[in-house]
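> Let me give you the structure first, and then I'll get to my questions.
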Amino acid sequence: MANNNDYSKGVRLRPLHKLSNFKVSDNNLDVRGWEVVGADGRRIGKVDDLIVDQTLMKVRYLDVDVDPNLLLPDTDDRHILVPIGAAHLDESADEVRVTGLELAGLSRYPFYRGGEVTPDYEYRVLHAVTSPTTSFMTTSSHTTPPDDQFYEHESFDDSRFYQTRRQDDYIDQRSSAVNADMNRNINPNVGSTSSGMGSGTTGMGGNSAIDGDIATIERLKRMLDEGTINHDEFTALKRKALGLY
């Protein structure tokens, strides 16, 4: 990619490596260097940098260094900018998966040569993501910098990018809550005489650990019925509560 420093004053989008006062939040993964895979499961390249909206301190695009073997031999190094919400994490494989781009459609995707991200380029990228089979028609409006409404498109929603990770975090948090519930439900006096029912029993003659499991599962079932958790989360948390994984 060209080493281009010709940023004009007031430029909103810049590569992260150009911003000495910015860094990836501790709550999010730094995916620079991660492999990028298309919707067809084939490798496109790797994440070279992040394009940041320095006004709002948000990542808008992933700067993807496209594998040279996917381009014509006489072309320069080429990159593409992928809107953050048009991709998602696959942490198990350290991969970024682009949902709306297949290898066959790479030639229709606008290439990025570094430097300032122009309005025309941003409109072309969004068109390539939302309408990959149709041609882009330039109009006078494409010279105007995109407004906030432009970035409200789901392709720029970073929660979509981190969705899998946050879902896993949500399940882990629920699991911790379930484990805490189980611990609260276990009778610490198991093994002692209780209510004259005989040594080694609880007051009702049952096993308090089992009672705790049943109570926890009943709570999870109520949460499922109320819509607080979905069926997959219910299954995962129930298995966790029962010590099945």
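All residue names refer to the structure tokens as shown: chains lettered A, B, ... in order, residues numbered from 1 in each chain, ligands numbered from 1 in order.
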Compile the contact shell of Gly100 (chain A) as a list in words: residues with an atom at most 9 Å away, counting only C-alpha atoms, same-chain residues fewer than 2 positions apart removed.

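The contact residues come out as Gly38, Ala39, Ala86, Ala87, Val98, Glu102, Ala128, Val129, Thr130 and Pro132 of chain A.
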
> Find, counting only C-alpha atoms, the residue in A:His17, A:Asp63, A:Ala104, A:Phe156 that gets nearest to Ile84 (chain A).

A:Phe156

> Which residue, A:Leu89, A:Glu152, A:Asp40, A:Ile80, has the smallest gap to Leu101 (chain A) when you use only C-alpha atoms?

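Closest residue, counting only C-alpha atoms: A:Asp40.
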
> Give me, please, the distance in Å between CA of Asp67 (chain A) and CA of Asp94 (chain A), quoted to one decimal.

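Separating CA of Asp67 (chain A) from CA of Asp94 (chain A) is a distance of 17.2 Å.
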
> Considering only C-alpha atoms, can you say which of A:Glu91, A:Gln54, A:Ala236, A:Leu106 comes closest to Ser20 (chain A)?

A:Gln54

> To one decimal place, how far is CA of Asp157 (chain A) from CA of Val37 (chain A) in Å?

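About the pair CA of Asp157 (chain A) and CA of Val37 (chain A): they are 19.3 Å apart.
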
> As a list in words, which residues of region 113-149 of chain A does DSSP assign to alpha helix (DSSP H)?

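Listing alpha helix (DSSP H) positions across region 113-149 of chain A yields Pro119, Asp120, Tyr121, Glu122, Tyr123, Arg124, Val125, Leu126, His127, Ala128, Val129, Thr130, Asp148 and Gln149 of chain A.
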
> Could those residues be written to a file, using all heavy atoms, as a compact mmCIF listing (two decimals), in the first residue's frame?


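Output file again_19.txt is given in full below:
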# COMPACT_ATOMS: atom_id res chain seq x y z
N PRO A 119 -15.07 10.49 0.11
CA PRO A 119 -16.51 10.19 0.14
C PRO A 119 -16.92 9.22 -0.96
O PRO A 119 -17.70 8.29 -0.72
CB PRO A 119 -17.15 11.57 -0.04
CG PRO A 119 -16.14 12.54 0.49
CD PRO A 119 -14.81 11.95 0.13
N ASP A 120 -16.42 9.44 -2.18
CA ASP A 120 -16.78 8.57 -3.29
C ASP A 120 -16.41 7.12 -2.98
O ASP A 120 -17.18 6.20 -3.27
CB ASP A 120 -16.07 9.02 -4.57
CG ASP A 120 -16.42 8.14 -5.76
OD1 ASP A 120 -17.57 8.23 -6.23
OD2 ASP A 120 -15.55 7.37 -6.20
N TYR A 121 -15.25 6.92 -2.38
CA TYR A 121 -14.83 5.56 -2.05
C TYR A 121 -15.78 4.94 -1.02
O TYR A 121 -16.15 3.77 -1.13
CB TYR A 121 -13.39 5.55 -1.50
CG TYR A 121 -12.93 4.16 -1.16
CD1 TYR A 121 -12.40 3.32 -2.14
CD2 TYR A 121 -13.05 3.66 0.13
CE1 TYR A 121 -12.01 2.02 -1.84
CE2 TYR A 121 -12.66 2.37 0.43
CZ TYR A 121 -12.13 1.56 -0.55
OH TYR A 121 -11.76 0.27 -0.25
N GLU A 122 -16.18 5.71 -0.02
CA GLU A 122 -17.08 5.17 1.01
C GLU A 122 -18.42 4.75 0.41
O GLU A 122 -18.97 3.70 0.77
CB GLU A 122 -17.28 6.18 2.12
CG GLU A 122 -16.06 6.41 2.99
CD GLU A 122 -16.41 7.06 4.30
OE1 GLU A 122 -16.91 6.38 5.21
OE2 GLU A 122 -16.20 8.29 4.40
N TYR A 123 -18.95 5.57 -0.49
CA TYR A 123 -20.22 5.22 -1.12
C TYR A 123 -20.05 3.95 -1.98
O TYR A 123 -20.95 3.11 -2.05
CB TYR A 123 -20.74 6.38 -1.97
CG TYR A 123 -21.25 7.55 -1.16
CD1 TYR A 123 -20.58 8.78 -1.18
CD2 TYR A 123 -22.40 7.44 -0.38
CE1 TYR A 123 -21.04 9.86 -0.44
CE2 TYR A 123 -22.87 8.51 0.35
CZ TYR A 123 -22.19 9.72 0.33
OH TYR A 123 -22.65 10.79 1.06
N ARG A 124 -18.92 3.84 -2.63
CA ARG A 124 -18.66 2.65 -3.46
C ARG A 124 -18.58 1.38 -2.60
O ARG A 124 -19.09 0.33 -2.97
CB ARG A 124 -17.37 2.83 -4.25
CG ARG A 124 -17.46 3.81 -5.41
CD ARG A 124 -16.13 3.97 -6.13
NE ARG A 124 -16.21 4.92 -7.23
CZ ARG A 124 -16.62 4.59 -8.45
NH1 ARG A 124 -16.95 3.33 -8.74
NH2 ARG A 124 -16.69 5.51 -9.40
N VAL A 125 -17.92 1.51 -1.45
CA VAL A 125 -17.80 0.35 -0.55
C VAL A 125 -19.16 -0.10 -0.05
O VAL A 125 -19.48 -1.30 -0.08
CB VAL A 125 -16.87 0.69 0.64
CG1 VAL A 125 -16.98 -0.39 1.72
CG2 VAL A 125 -15.42 0.78 0.18
N LEU A 126 -19.96 0.84 0.42
CA LEU A 126 -21.28 0.46 0.94
C LEU A 126 -22.13 -0.16 -0.16
O LEU A 126 -22.87 -1.12 0.08
CB LEU A 126 -21.99 1.69 1.53
CG LEU A 126 -23.31 1.38 2.25
CD1 LEU A 126 -23.11 0.39 3.39
CD2 LEU A 126 -23.95 2.67 2.78
N HIS A 127 -22.01 0.37 -1.38
CA HIS A 127 -22.75 -0.22 -2.50
C HIS A 127 -22.27 -1.65 -2.76
O HIS A 127 -23.08 -2.55 -3.01
CB HIS A 127 -22.56 0.63 -3.76
CG HIS A 127 -23.26 0.06 -4.96
ND1 HIS A 127 -24.59 0.32 -5.24
CD2 HIS A 127 -22.81 -0.76 -5.96
CE1 HIS A 127 -24.93 -0.32 -6.34
NE2 HIS A 127 -23.87 -0.98 -6.80
N ALA A 128 -20.95 -1.86 -2.70
CA ALA A 128 -20.41 -3.20 -2.95
C ALA A 128 -20.89 -4.20 -1.91
O ALA A 128 -21.10 -5.38 -2.20
CB ALA A 128 -18.89 -3.14 -2.96
N VAL A 129 -21.09 -3.73 -0.67
CA VAL A 129 -21.56 -4.60 0.41
C VAL A 129 -23.04 -4.89 0.29
O VAL A 129 -23.49 -6.02 0.49
CB VAL A 129 -21.24 -3.96 1.78
CG1 VAL A 129 -21.93 -4.73 2.91
CG2 VAL A 129 -19.73 -3.93 2.01
N THR A 130 -23.83 -3.87 -0.03
CA THR A 130 -25.29 -4.02 -0.04
C THR A 130 -25.85 -4.47 -1.38
O THR A 130 -26.90 -5.09 -1.44
CB THR A 130 -25.96 -2.70 0.36
OG1 THR A 130 -25.55 -1.66 -0.55
CG2 THR A 130 -25.55 -2.31 1.78
N ASP A 148 -24.05 11.41 9.50
CA ASP A 148 -24.30 10.43 10.55
C ASP A 148 -25.31 9.38 10.11
O ASP A 148 -25.22 8.21 10.53
CB ASP A 148 -24.79 11.13 11.82
CG ASP A 148 -23.71 11.97 12.48
OD1 ASP A 148 -22.52 11.71 12.19
OD2 ASP A 148 -24.04 12.88 13.25
N GLN A 149 -26.26 9.76 9.28
CA GLN A 149 -27.27 8.80 8.81
C GLN A 149 -26.62 7.70 7.97
O GLN A 149 -27.03 6.54 8.04
CB GLN A 149 -28.34 9.53 8.00
CG GLN A 149 -29.50 8.61 7.59
CD GLN A 149 -30.61 9.38 6.90
OE1 GLN A 149 -30.54 10.61 6.74
NE2 GLN A 149 -31.64 8.67 6.47

> Given the choices A:Arg108, A:His88, A:Ser141, A:Lys46, which gets closest to Arg160 (chain A) if the distance is worked out from only C-alpha atoms?

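Among the listed residues, the smallest separation from Arg160 (chain A) belongs to A:His88.
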